[in-house]
$ cat target.pdb   # PDB, C-alpha atoms and all ligand atoms
ATOM      1  CA  MET N  16      18.190  -9.878  -0.914
ATOM      2  CA  ASN N  17      18.718  -6.093  -0.675
ATOM      3  CA  THR N  18      16.263  -4.262   1.550
ATOM      4  CA  ARG N  19      17.355  -0.632   1.616
ATOM      5  CA  LEU N  20      13.885   0.451   0.349
ATOM      6  CA  ALA N  21      11.755  -2.260   1.952
ATOM      7  CA  GLY N  22       8.221  -1.035   2.658
ATOM      8  CA  ARG N  23       8.676   2.025   0.440
ATOM      9  CA  THR N  24       6.587   2.962  -2.568
ATOM     10  CA  ALA N  25       8.201   4.848  -5.450
ATOM     11  CA  LEU N  26       6.754   6.497  -8.551
ATOM     12  CA  VAL N  27       9.147   6.845 -11.491
ATOM     13  CA  THR N  28       8.247   8.844 -14.601
ATOM     14  CA  GLY N  29       9.697   7.889 -17.976
ATOM     15  CA  ALA N  30      10.109   4.403 -16.541
ATOM     16  CA  ALA N  31       9.801   2.489 -19.823
ATOM     17  CA  SER N  32      13.336   3.144 -21.005
ATOM     18  CA  GLY N  33      16.912   4.088 -20.187
ATOM     19  CA  ILE N  34      17.680   5.730 -16.836
ATOM     20  CA  GLY N  35      14.066   5.607 -15.563
ATOM     21  CA  ALA N  36      13.814   1.867 -16.228
ATOM     22  CA  ALA N  37      17.151   1.262 -14.485
ATOM     23  CA  ILE N  38      16.050   3.281 -11.441
ATOM     24  CA  ALA N  39      12.705   1.457 -11.244
ATOM     25  CA  VAL N  40      14.436  -1.934 -11.377
ATOM     26  CA  ALA N  41      17.053  -0.863  -8.801
ATOM     27  CA  PHE N  42      14.281   0.325  -6.460
ATOM     28  CA  ALA N  43      12.439  -2.987  -6.877
ATOM     29  CA  GLU N  44      15.661  -4.857  -6.198
ATOM     30  CA  GLU N  45      15.960  -2.893  -2.919
ATOM     31  CA  GLY N  46      12.488  -3.975  -1.834
ATOM     32  CA  ALA N  47      10.299  -1.051  -2.978
ATOM     33  CA  ASP N  48       6.938  -1.317  -4.693
ATOM     34  CA  VAL N  49       6.891   0.809  -7.816
ATOM     35  CA  SER N  50       4.468   2.848  -9.897
ATOM     36  CA  LEU N  51       5.803   3.151 -13.440
ATOM     37  CA  VAL N  52       4.558   6.140 -15.424
ATOM     38  CA  ASP N  53       5.295   6.755 -19.095
ATOM     39  CA  ARG N  54       3.615   8.034 -22.214
ATOM     40  CA  ASP N  55       2.200   5.433 -24.588
ATOM     41  CA  VAL N  56       5.221   3.279 -25.408
ATOM     42  CA  GLY N  57       3.750  -0.043 -26.520
ATOM     43  CA  ASP N  58       5.413  -3.082 -24.965
ATOM     44  CA  HIS N  59       8.410  -1.307 -23.419
ATOM     45  CA  LEU N  60       6.729  -0.707 -20.075
ATOM     46  CA  ALA N  61       5.673  -4.363 -19.809
ATOM     47  CA  GLU N  62       9.307  -5.477 -20.001
ATOM     48  CA  VAL N  63      10.247  -3.157 -17.112
ATOM     49  CA  VAL N  64       7.275  -4.500 -15.107
ATOM     50  CA  ARG N  65       8.595  -8.018 -15.632
ATOM     51  CA  ARG N  66      12.104  -7.037 -14.471
ATOM     52  CA  CYS N  67      10.724  -5.360 -11.325
ATOM     53  CA  GLU N  68       8.412  -8.269 -10.503
ATOM     54  CA  LYS N  69      11.377 -10.633 -10.640
ATOM     55  CA  PHE N  70      12.489  -8.998  -7.373
ATOM     56  CA  GLY N  71       9.069  -9.528  -5.776
ATOM     57  CA  ALA N  72       7.886  -5.929  -6.187
ATOM     58  CA  THR N  73       4.236  -5.022  -6.571
ATOM     59  CA  VAL N  74       4.124  -2.942  -9.745
ATOM     60  CA  HIS N  75       1.524  -0.428 -10.871
ATOM     61  CA  THR N  76       1.610   1.188 -14.327
ATOM     62  CA  GLU N  77       0.093   4.386 -15.633
ATOM     63  CA  VAL N  78       0.152   5.739 -19.165
ATOM     64  CA  ALA N  79       0.368   9.504 -18.783
ATOM     65  CA  ASP N  80       2.032  12.504 -20.372
ATOM     66  CA  VAL N  81       3.806  14.325 -17.540
ATOM     67  CA  SER N  82       3.076  17.712 -19.102
ATOM     68  CA  ASP N  83      -0.695  17.064 -18.939
ATOM     69  CA  GLU N  84      -2.082  18.355 -15.635
ATOM     70  CA  ASP N  85      -5.170  16.116 -15.578
ATOM     71  CA  ALA N  86      -3.222  13.005 -16.578
ATOM     72  CA  VAL N  87      -0.640  13.623 -13.840
ATOM     73  CA  HIS N  88      -3.354  14.129 -11.244
ATOM     74  CA  ALA N  89      -5.031  10.875 -12.285
ATOM     75  CA  ALA N  90      -1.758   8.892 -12.282
ATOM     76  CA  PHE N  91      -0.864  10.003  -8.745
ATOM     77  CA  ALA N  92      -4.397   9.438  -7.453
ATOM     78  CA  ALA N  93      -4.393   5.903  -8.876
ATOM     79  CA  THR N  94      -0.948   5.175  -7.408
ATOM     80  CA  VAL N  95      -1.936   6.323  -3.928
ATOM     81  CA  ALA N  96      -5.237   4.428  -4.188
ATOM     82  CA  ARG N  97      -3.280   1.269  -5.075
ATOM     83  CA  PHE N  98      -0.489   1.498  -2.492
ATOM     84  CA  GLY N  99      -1.910   3.788   0.200
ATOM     85  CA  ARG N 100       1.339   5.794   0.310
ATOM     86  CA  LEU N 101       4.033   7.428  -1.804
ATOM     87  CA  ASP N 102       7.560   7.664  -0.416
ATOM     88  CA  VAL N 103       9.754   8.407  -3.413
ATOM     89  CA  LEU N 104       9.129  10.352  -6.615
ATOM     90  CA  VAL N 105      11.646  10.300  -9.461
ATOM     91  CA  ASN N 106      10.996  12.931 -12.127
ATOM     92  CA  ASN N 107      12.865  11.377 -15.007
ATOM     93  CA  ALA N 108      10.657  11.585 -18.139
ATOM     94  CA  GLY N 109      12.441  13.474 -20.855
ATOM     95  CA  ILE N 110      12.947  14.140 -24.546
ATOM     96  CA  ILE N 111      15.656  15.645 -26.714
ATOM     97  CA  THR N 112      15.614  17.735 -29.896
ATOM     98  CA  GLU N 113      18.314  19.864 -31.489
ATOM     99  CA  SER N 114      18.129  23.374 -32.914
ATOM    100  CA  ARG N 115      20.178  26.543 -32.917
ATOM    101  CA  VAL N 116      18.441  29.337 -30.990
ATOM    102  CA  ALA N 117      18.382  31.505 -34.127
ATOM    103  CA  ASP N 118      16.318  28.869 -35.946
ATOM    104  CA  MET N 119      14.326  27.463 -33.029
ATOM    105  CA  PRO N 120      10.523  27.536 -33.397
ATOM    106  CA  ALA N 121       8.882  28.768 -30.180
ATOM    107  CA  ALA N 122       6.801  25.576 -30.158
ATOM    108  CA  LEU N 123       9.971  23.450 -29.916
ATOM    109  CA  PHE N 124      11.189  25.532 -26.961
ATOM    110  CA  ASP N 125       7.769  25.393 -25.279
ATOM    111  CA  HIS N 126       7.467  21.623 -25.717
ATOM    112  CA  MET N 127      10.909  21.017 -24.184
ATOM    113  CA  LEU N 128      10.027  23.119 -21.135
ATOM    114  CA  ALA N 129       6.595  21.500 -20.908
ATOM    115  CA  VAL N 130       7.924  17.949 -20.670
ATOM    116  CA  HIS N 131      10.939  18.608 -18.426
ATOM    117  CA  LEU N 132      10.138  21.628 -16.264
ATOM    118  CA  ARG N 133       6.333  21.775 -16.202
ATOM    119  CA  GLY N 134       6.262  17.963 -15.945
ATOM    120  CA  THR N 135       8.591  18.025 -12.943
ATOM    121  CA  PHE N 136       6.561  20.800 -11.327
ATOM    122  CA  LEU N 137       3.231  19.010 -11.895
ATOM    123  CA  CYS N 138       4.525  15.712 -10.500
ATOM    124  CA  CYS N 139       6.136  17.357  -7.454
ATOM    125  CA  ARG N 140       2.884  19.190  -6.718
ATOM    126  CA  ALA N 141       0.856  16.002  -7.127
ATOM    127  CA  ALA N 142       3.128  14.081  -4.718
ATOM    128  CA  LEU N 143       3.207  16.662  -1.936
ATOM    129  CA  PRO N 144      -0.173  16.105  -0.211
ATOM    130  CA  THR N 145       0.579  12.405   0.367
ATOM    131  CA  MET N 146       4.211  12.986   1.387
ATOM    132  CA  ARG N 147       3.192  15.810   3.734
ATOM    133  CA  ALA N 148       0.529  13.646   5.387
ATOM    134  CA  GLN N 149       3.126  10.892   5.900
ATOM    135  CA  ARG N 150       5.709  13.448   7.053
ATOM    136  CA  HIS N 151       8.131  11.576   4.834
ATOM    137  CA  GLY N 152       9.096  11.883   1.191
ATOM    138  CA  ARG N 153      12.046  11.819  -1.173
ATOM    139  CA  ILE N 154      11.826  13.713  -4.442
ATOM    140  CA  ILE N 155      14.582  13.104  -6.993
ATOM    141  CA  ASN N 156      14.639  15.242 -10.124
ATOM    142  CA  ILE N 157      16.699  14.130 -13.107
ATOM    143  CA  SER N 158      18.463  17.167 -14.510
ATOM    144  CA  SER N 159      21.615  16.973 -16.653
ATOM    145  CA  GLN N 160      25.215  18.076 -16.527
ATOM    146  CA  LEU N 161      24.264  20.220 -19.521
ATOM    147  CA  ALA N 162      22.323  22.452 -17.097
ATOM    148  CA  LEU N 163      25.725  23.399 -15.663
ATOM    149  CA  LYS N 164      27.799  23.236 -18.828
ATOM    150  CA  GLY N 165      25.576  24.349 -21.698
ATOM    151  CA  ALA N 166      25.721  22.876 -25.197
ATOM    152  CA  PRO N 167      25.141  24.275 -28.672
ATOM    153  CA  LEU N 168      21.868  23.145 -30.321
ATOM    154  CA  LEU N 169      20.460  22.317 -26.871
ATOM    155  CA  ALA N 170      19.630  25.739 -25.370
ATOM    156  CA  HIS N 171      16.017  24.698 -24.761
ATOM    157  CA  TYR N 172      17.130  21.444 -23.117
ATOM    158  CA  CYS N 173      19.825  23.198 -21.024
ATOM    159  CA  ALA N 174      17.321  25.873 -19.942
ATOM    160  CA  ALA N 175      14.756  23.245 -18.922
ATOM    161  CA  LYS N 176      17.342  21.233 -16.996
ATOM    162  CA  ALA N 177      18.721  24.372 -15.278
ATOM    163  CA  GLY N 178      15.136  25.291 -14.371
ATOM    164  CA  ILE N 179      14.807  21.904 -12.702
ATOM    165  CA  LEU N 180      17.803  22.729 -10.492
ATOM    166  CA  GLY N 181      16.183  26.007  -9.386
ATOM    167  CA  LEU N 182      12.883  24.256  -8.721
ATOM    168  CA  THR N 183      14.731  21.573  -6.736
ATOM    169  CA  LYS N 184      16.440  24.090  -4.441
ATOM    170  CA  ALA N 185      13.327  26.217  -3.877
ATOM    171  CA  LEU N 186      11.100  23.232  -3.139
ATOM    172  CA  ALA N 187      13.766  21.705  -0.883
ATOM    173  CA  ARG N 188      13.551  24.801   1.306
ATOM    174  CA  GLU N 189       9.732  24.835   1.215
ATOM    175  CA  VAL N 190       9.147  21.271   2.356
ATOM    176  CA  ALA N 191      12.126  20.430   4.577
ATOM    177  CA  ALA N 192      10.033  20.951   7.707
ATOM    178  CA  ASP N 193       7.516  18.386   6.401
ATOM    179  CA  GLY N 194      10.141  15.627   6.359
ATOM    180  CA  ILE N 195      10.519  15.783   2.568
ATOM    181  CA  THR N 196      13.879  16.052   0.803
ATOM    182  CA  VAL N 197      14.259  17.269  -2.778
ATOM    183  CA  ASN N 198      17.432  16.629  -4.744
ATOM    184  CA  ALA N 199      18.625  16.485  -8.332
ATOM    185  CA  ILE N 200      20.797  14.084 -10.257
ATOM    186  CA  ALA N 201      22.700  15.620 -13.173
ATOM    187  CA  PRO N 202      24.060  12.716 -15.221
ATOM    188  CA  GLY N 203      26.712  13.028 -17.881
ATOM    189  CA  PRO N 204      26.303  11.237 -21.217
ATOM    190  CA  ILE N 205      24.564   7.898 -20.642
ATOM    191  CA  GLU N 206      23.974   5.317 -23.373
ATOM    192  CA  THR N 207      20.185   5.372 -23.882
ATOM    193  CA  PRO N 208      17.770   5.873 -26.808
ATOM    194  CA  LEU N 209      17.595   9.582 -25.894
ATOM    195  CA  ALA N 210      21.347   9.981 -26.299
ATOM    196  CA  ASP N 211      21.123   8.060 -29.610
ATOM    197  CA  ASP N 212      18.705  10.731 -30.866
ATOM    198  CA  LEU N 213      21.445  13.360 -30.634
ATOM    199  CA  THR N 214      23.135  13.943 -33.969
ATOM    200  CA  GLU N 215      25.292  17.058 -34.111
ATOM    201  CA  ALA N 216      25.281  17.780 -30.359
ATOM    202  CA  LYS N 217      26.658  14.375 -29.350
ATOM    203  CA  ALA N 218      29.088  14.506 -26.434
ATOM    204  CA  SER N 219      32.637  13.400 -27.153
ATOM    205  CA  VAL N 220      34.240  10.590 -25.172
ATOM    206  CA  ALA N 221      37.514  12.520 -25.437
ATOM    207  CA  ASP N 222      36.033  15.281 -23.213
ATOM    208  CA  LEU N 223      35.383  12.866 -20.356
ATOM    209  CA  PRO N 224      38.105  12.352 -17.737
ATOM    210  CA  LEU N 225      36.865   8.789 -17.197
ATOM    211  CA  GLY N 226      37.050   8.210 -20.945
ATOM    212  CA  ARG N 227      33.634   6.632 -21.466
ATOM    213  CA  PHE N 228      29.888   7.220 -21.430
ATOM    214  CA  GLY N 229      27.868   5.808 -18.553
ATOM    215  CA  GLN N 230      25.241   3.073 -18.561
ATOM    216  CA  PRO N 231      21.770   3.547 -17.024
ATOM    217  CA  HIS N 232      22.490   1.026 -14.248
ATOM    218  CA  GLU N 233      25.429   3.208 -13.186
ATOM    219  CA  VAL N 234      23.083   6.175 -12.515
ATOM    220  CA  ALA N 235      20.471   4.165 -10.606
ATOM    221  CA  PRO N 236      22.600   3.695  -7.437
ATOM    222  CA  THR N 237      22.672   7.491  -6.969
ATOM    223  CA  ALA N 238      18.858   7.453  -6.868
ATOM    224  CA  VAL N 239      18.914   4.546  -4.404
ATOM    225  CA  LEU N 240      21.321   6.533  -2.220
ATOM    226  CA  LEU N 241      19.043   9.594  -2.179
ATOM    227  CA  ALA N 242      15.924   7.492  -1.582
ATOM    228  CA  GLY N 243      17.463   5.431   1.196
ATOM    229  CA  ASP N 244      17.523   5.842   4.967
ATOM    230  CA  PRO N 245      20.084   6.697   6.324
ATOM    231  CA  SER N 246      22.049   7.147   3.071
ATOM    232  CA  GLY N 247      19.871  10.019   1.816
ATOM    233  CA  ASN N 248      18.909  11.593   5.119
ATOM    234  CA  LEU N 249      21.256  14.586   4.988
ATOM    235  CA  TYR N 250      20.863  15.515   1.338
ATOM    236  CA  THR N 251      18.412  18.197   0.311
ATOM    237  CA  GLY N 252      18.621  20.851  -2.404
ATOM    238  CA  GLN N 253      21.719  19.083  -3.730
ATOM    239  CA  THR N 254      22.786  18.091  -7.210
ATOM    240  CA  LEU N 255      24.695  14.820  -7.537
ATOM    241  CA  GLY N 256      26.674  14.298 -10.726
ATOM    242  CA  PRO N 257      27.339  10.795 -12.073
ATOM    243  CA  ASN N 258      28.958  12.349 -15.161
ATOM    244  CA  SER N 259      32.276  10.610 -15.922
ATOM    245  CA  GLY N 260      34.018  13.691 -14.518
ATOM    246  CA  ASP N 261      33.010  16.003 -17.362
ATOM    247  CA  VAL N 262      31.660  18.731 -15.062
ATOM    248  CA  MET N 263      33.278  19.379 -11.677
ATOM    249  CA  PRO N 264      31.119  22.116 -10.107
TER     250      PRO N 264
HETATM  251  N1  LIG N 301      20.984   9.782 -21.683
HETATM  252  C1  LIG N 301      21.708  10.806 -21.284
HETATM  253  O1  LIG N 301      22.846  10.998 -21.729
HETATM  254  C2  LIG N 301      21.168  11.753 -20.249
HETATM  255  C3  LIG N 301      22.065  12.619 -19.614
HETATM  256  C4  LIG N 301      21.578  13.506 -18.653
HETATM  257  C5  LIG N 301      20.226  13.518 -18.336
HETATM  258  N2  LIG N 301      19.382  12.666 -18.983
HETATM  259  C6  LIG N 301      17.972  12.739 -18.592
HETATM  260  O2  LIG N 301      17.591  11.485 -18.067
HETATM  261  C7  LIG N 301      16.185  11.315 -18.243
HETATM  262  C8  LIG N 301      15.928   9.956 -18.872
HETATM  263  O3  LIG N 301      16.498   9.958 -20.162
HETATM  264  P1  LIG N 301      17.026   8.645 -20.909
HETATM  265  O4  LIG N 301      18.357   9.003 -21.469
HETATM  266  O5  LIG N 301      16.857   7.471 -20.050
HETATM  267  O6  LIG N 301      16.016   8.650 -22.140
HETATM  268  P2  LIG N 301      15.022   7.543 -22.757
HETATM  269  O7  LIG N 301      14.573   8.112 -24.044
HETATM  270  O8  LIG N 301      15.687   6.201 -22.737
HETATM  271  O9  LIG N 301      13.820   7.521 -21.697
HETATM  272  C9  LIG N 301      12.967   8.616 -21.508
HETATM  273  C10 LIG N 301      11.592   8.086 -21.171
HETATM  274  O10 LIG N 301      10.749   9.225 -20.909
HETATM  275  C11 LIG N 301       9.501   8.982 -21.532
HETATM  276  N3  LIG N 301       8.806  10.256 -21.810
HETATM  277  C12 LIG N 301       9.176  11.213 -22.697
HETATM  278  N4  LIG N 301       8.287  12.218 -22.705
HETATM  279  C13 LIG N 301       7.332  11.892 -21.788
HETATM  280  C14 LIG N 301       6.148  12.529 -21.360
HETATM  281  N5  LIG N 301       5.758  13.718 -21.852
HETATM  282  N6  LIG N 301       5.395  11.919 -20.401
HETATM  283  C15 LIG N 301       5.773  10.708 -19.889
HETATM  284  N7  LIG N 301       6.887  10.057 -20.292
HETATM  285  C16 LIG N 301       7.652  10.639 -21.233
HETATM  286  C17 LIG N 301       9.847   8.232 -22.808
HETATM  287  O11 LIG N 301       8.720   7.537 -23.342
HETATM  288  C18 LIG N 301      10.957   7.316 -22.319
HETATM  289  O12 LIG N 301      10.438   6.072 -21.854
HETATM  290  C19 LIG N 301      15.721  12.486 -19.101
HETATM  291  O13 LIG N 301      15.145  13.468 -18.272
HETATM  292  C20 LIG N 301      16.998  12.978 -19.719
HETATM  293  O14 LIG N 301      16.921  14.340 -20.075
HETATM  294  C21 LIG N 301      19.816  11.781 -19.911
END

$ encode --input "target.pdb" --output "structure tokens" --more "lines below"
Ligand SMILES: NC(=O)c1ccc[n+]([C@@H]2O[C@H](COP(=O)([O-])OP(=O)(O)OC[C@H]3O[C@@H](n4cnc5c(N)ncnc54)[C@H](O)[C@@H]3O)[C@@H](O)[C@H]2O)c1
Amino acid sequence: MNTRLAGRTALVTGAASGIGAAIAVAFAEEGADVSLVDRDVGDHLAEVVRRCEKFGATVHTEVADVSDEDAVHAAFAATVARFGRLDVLVNNAGIITESRVADMPAALFDHMLAVHLRGTFLCCRAALPTMRAQRHGRIINISSQLALKGAPLLAHYCAAKAGILGLTKALAREVAADGITVNAIAPGPIETPLADDLTEAKASVADLPLGRFGQPHEVAPTAVLLAGDPSGNLYTGQTLGPNSGDVMP
């Protein structure tokens, strides 16, 4: 039995699928209780609940759109009411669309920033009062290697993910004295439904030094590292890159 997160409570957004689901399950496996937040996704969340409960975790679920201020407030309030604490927040919820800038409707740009950047901001803000009161917290923001690299058809996505890196560094400096660390993970191409939605902008395996895409369970250990004590103690404002070697900042 792994116990690196025993006694911890973690909230993961976008937990019904892909990387978020893998992180939630890895946290449960390490002894954490988990609050799983996602938009309305039918039965997908229930399957992740089952996988977490297999490890003995207490699991709370919330259906919420991370770009909706009231819904985020309610999801965090319910989580803290249920568990009495919040140690780890993983801002993972995300979407993908493709468009050239020249053709991009402003609404498409705005929606991308709303889910990724506003969503991350709203969830960080909602977590802070509890983490400050505890004088302990770990915030992990899922960015992307594309924030560092750029990609045609994904300017809105790259901008949102780069914004998350700026937010991560600024917040890390703001809350360090409160015992809260804030870091980002910038994965390379990972086989998930989101990556399947890419058509023209698909990454090429040939570009990757390691010669293959990653799997969600290969990103989750980086989140466990950042959430853990002592493994994550000295990281703040950092970006960790499980990316098959594609970007070497
Ligand atoms: N898959 C990749 O190659 C890759 C690479 C780098 C970064 N990422 C990032 O990793 C994160 C997870 O992506 P994934 O590949 O696991 O995708 P995914 O599609 O498998 O999972 C994303 C989850 O986020 C949820 N979600 C979307 N919009 C939401 C909203 N407004 N409110 C609440 N939940 C919402 C979805 O319902 C889904 O369950 C995203 O932020 C993505 O940008 C993915």

$ resolve_selection --input "target.pdb" --expression "the PyMOL selection byres (((chain N and resi 56) around 10) and not hetatm)" --output "PDB file with C-alpha atoms, in the frame of the given file"
ATOM      1  CA  GLY N  29       9.697   7.889 -17.976  1.00  0.00           C
ATOM      2  CA  ALA N  31       9.801   2.489 -19.823  1.00  0.00           C
ATOM      3  CA  SER N  32      13.336   3.144 -21.005  1.00  0.00           C
ATOM      4  CA  ASP N  53       5.295   6.755 -19.095  1.00  0.00           C
ATOM      5  CA  ARG N  54       3.615   8.034 -22.214  1.00  0.00           C
ATOM      6  CA  ASP N  55       2.200   5.433 -24.588  1.00  0.00           C
ATOM      7  CA  GLY N  57       3.750  -0.043 -26.520  1.00  0.00           C
ATOM      8  CA  ASP N  58       5.413  -3.082 -24.965  1.00  0.00           C
ATOM      9  CA  HIS N  59       8.410  -1.307 -23.419  1.00  0.00           C
ATOM     10  CA  LEU N  60       6.729  -0.707 -20.075  1.00  0.00           C
ATOM     11  CA  ALA N  61       5.673  -4.363 -19.809  1.00  0.00           C
ATOM     12  CA  VAL N  78       0.152   5.739 -19.165  1.00  0.00           C
TER      13      VAL N  78
END

$ residues_near_ligand --input "target.pdb" --ligand "ligand LIG 301 (chain N)" --cutoff "6 Å" --atoms "all atoms listed in the file" --output "JSON, numbers by chain"
{"N": [28, 29, 30, 31, 32, 33, 34, 35, 53, 54, 56, 79, 80, 81, 82, 107, 108, 109, 110, 130, 157, 158, 159, 201, 202, 203, 204, 205, 206, 207, 208, 209, 210]}

$ write_last_selection --input "target.pdb" --atoms "C-alpha atoms" --output "compact mmCIF listing (two decimals), keeping the file's coordinate frame"
# COMPACT_ATOMS: atom_id res chain seq x y z
CA THR N 28 8.25 8.84 -14.60
CA GLY N 29 9.70 7.89 -17.98
CA ALA N 30 10.11 4.40 -16.54
CA ALA N 31 9.80 2.49 -19.82
CA SER N 32 13.34 3.14 -21.00
CA GLY N 33 16.91 4.09 -20.19
CA ILE N 34 17.68 5.73 -16.84
CA GLY N 35 14.07 5.61 -15.56
CA ASP N 53 5.30 6.76 -19.10
CA ARG N 54 3.62 8.03 -22.21
CA VAL N 56 5.22 3.28 -25.41
CA ALA N 79 0.37 9.50 -18.78
CA ASP N 80 2.03 12.50 -20.37
CA VAL N 81 3.81 14.32 -17.54
CA SER N 82 3.08 17.71 -19.10
CA ASN N 107 12.86 11.38 -15.01
CA ALA N 108 10.66 11.58 -18.14
CA GLY N 109 12.44 13.47 -20.86
CA ILE N 110 12.95 14.14 -24.55
CA VAL N 130 7.92 17.95 -20.67
CA ILE N 157 16.70 14.13 -13.11
CA SER N 158 18.46 17.17 -14.51
CA SER N 159 21.62 16.97 -16.65
CA ALA N 201 22.70 15.62 -13.17
CA PRO N 202 24.06 12.72 -15.22
CA GLY N 203 26.71 13.03 -17.88
CA PRO N 204 26.30 11.24 -21.22
CA ILE N 205 24.56 7.90 -20.64
CA GLU N 206 23.97 5.32 -23.37
CA THR N 207 20.18 5.37 -23.88
CA PRO N 208 17.77 5.87 -26.81
CA LEU N 209 17.60 9.58 -25.89
CA ALA N 210 21.35 9.98 -26.30

$ atom_distance --input "target.pdb" --atom1 "atom CA of N:Pro231" --atom2 "atom CA of N:Ile179"
20.1 Å

$ resolve_selection --input "target.pdb" --expression "the PyMOL selection byres (((chain N and resi 139) around 10) and not hetatm)" --output "PyMOL selection string"
chain N and resi 104-106+133-138+140-144+154-156+182-183+186+197

$ closest_residue --input "target.pdb" --among "N:Asp83, N:Asp193, N:Asp102, N:Glu45" --to "N:Thr24" --atoms "all atoms listed in the file"
N:Asp102

$ atom_distance --input "target.pdb" --atom1 "atom CA of N:Met146" --atom2 "atom CA of N:Ala43"
19.8 Å

$ atom_distance --input "target.pdb" --atom1 "atom CA of N:Ala93" --atom2 "atom CA of N:Arg65"
20.2 Å

$ resolve_selection --input "target.pdb" --expression "the PyMOL selection byres (((chain N and resi 170) around 9) and not hetatm)" --output "number ranges by chain"
N: 113-116, 124, 165-169, 171-175

$ write_last_selection --input "target.pdb" --atoms "C-alpha atoms" --output "compact mmCIF listing (two decimals), in the frame of the given file"
# COMPACT_ATOMS: atom_id res chain seq x y z
CA GLU N 113 18.31 19.86 -31.49
CA SER N 114 18.13 23.37 -32.91
CA ARG N 115 20.18 26.54 -32.92
CA VAL N 116 18.44 29.34 -30.99
CA PHE N 124 11.19 25.53 -26.96
CA GLY N 165 25.58 24.35 -21.70
CA ALA N 166 25.72 22.88 -25.20
CA PRO N 167 25.14 24.28 -28.67
CA LEU N 168 21.87 23.14 -30.32
CA LEU N 169 20.46 22.32 -26.87
CA HIS N 171 16.02 24.70 -24.76
CA TYR N 172 17.13 21.44 -23.12
CA CYS N 173 19.82 23.20 -21.02
CA ALA N 174 17.32 25.87 -19.94
CA ALA N 175 14.76 23.24 -18.92

$ closest_residue --input "target.pdb" --among "N:Ala216, N:Leu132, N:Leu240, N:Ser259" --to "N:Phe228" --atoms "only C-alpha atoms"
N:Ser259

$ closest_residue --input "target.pdb" --among "N:Gly252, N:Pro245, N:Leu123, N:Arg100" --to "N:Ala191" --atoms "all atoms listed in the file"
N:Gly252

$ residues_near_point --input "target.pdb" --point "(0.4, -2.2, -10.5)" --cutoff "9 Å" --atoms "all atoms listed in the file" --output "VMD selection string"
chain N and resid 48 to 51 64 73 to 77 94 97 to 98

$ write_last_selection --input "target.pdb" --atoms "C-alpha atoms" --output "short mmCIF file (atom, residue, chain, number, x, y, z; two decimals), in the frame of the given file"
data_model
loop_
_atom_site.label_atom_id
_atom_site.label_comp_id
_atom_site.auth_asym_id
_atom_site.auth_seq_id
_atom_site.Cartn_x
_atom_site.Cartn_y
_atom_site.Cartn_z
CA ASP N 48 6.94 -1.32 -4.69
CA VAL N 49 6.89 0.81 -7.82
CA SER N 50 4.47 2.85 -9.90
CA LEU N 51 5.80 3.15 -13.44
CA VAL N 64 7.28 -4.50 -15.11
CA THR N 73 4.24 -5.02 -6.57
CA VAL N 74 4.12 -2.94 -9.74
CA HIS N 75 1.52 -0.43 -10.87
CA THR N 76 1.61 1.19 -14.33
CA GLU N 77 0.09 4.39 -15.63
CA THR N 94 -0.95 5.18 -7.41
CA ARG N 97 -3.28 1.27 -5.08
CA PHE N 98 -0.49 1.50 -2.49
#

$ closest_residue --input "target.pdb" --among "N:Ala148, N:Ala129, N:Val40, N:Leu26" --to "N:Phe91" --atoms "only C-alpha atoms"
N:Leu26

$ axis_aligned_box --input "target.pdb" --around "stretch 71-81 of chain N" --padding-each-side "4 Å" --output "JSON"
{"center_x": 4.6, "center_y": 2.4, "center_z": -13.1, "size_x": 17.0, "size_y": 31.9, "size_z": 22.6}
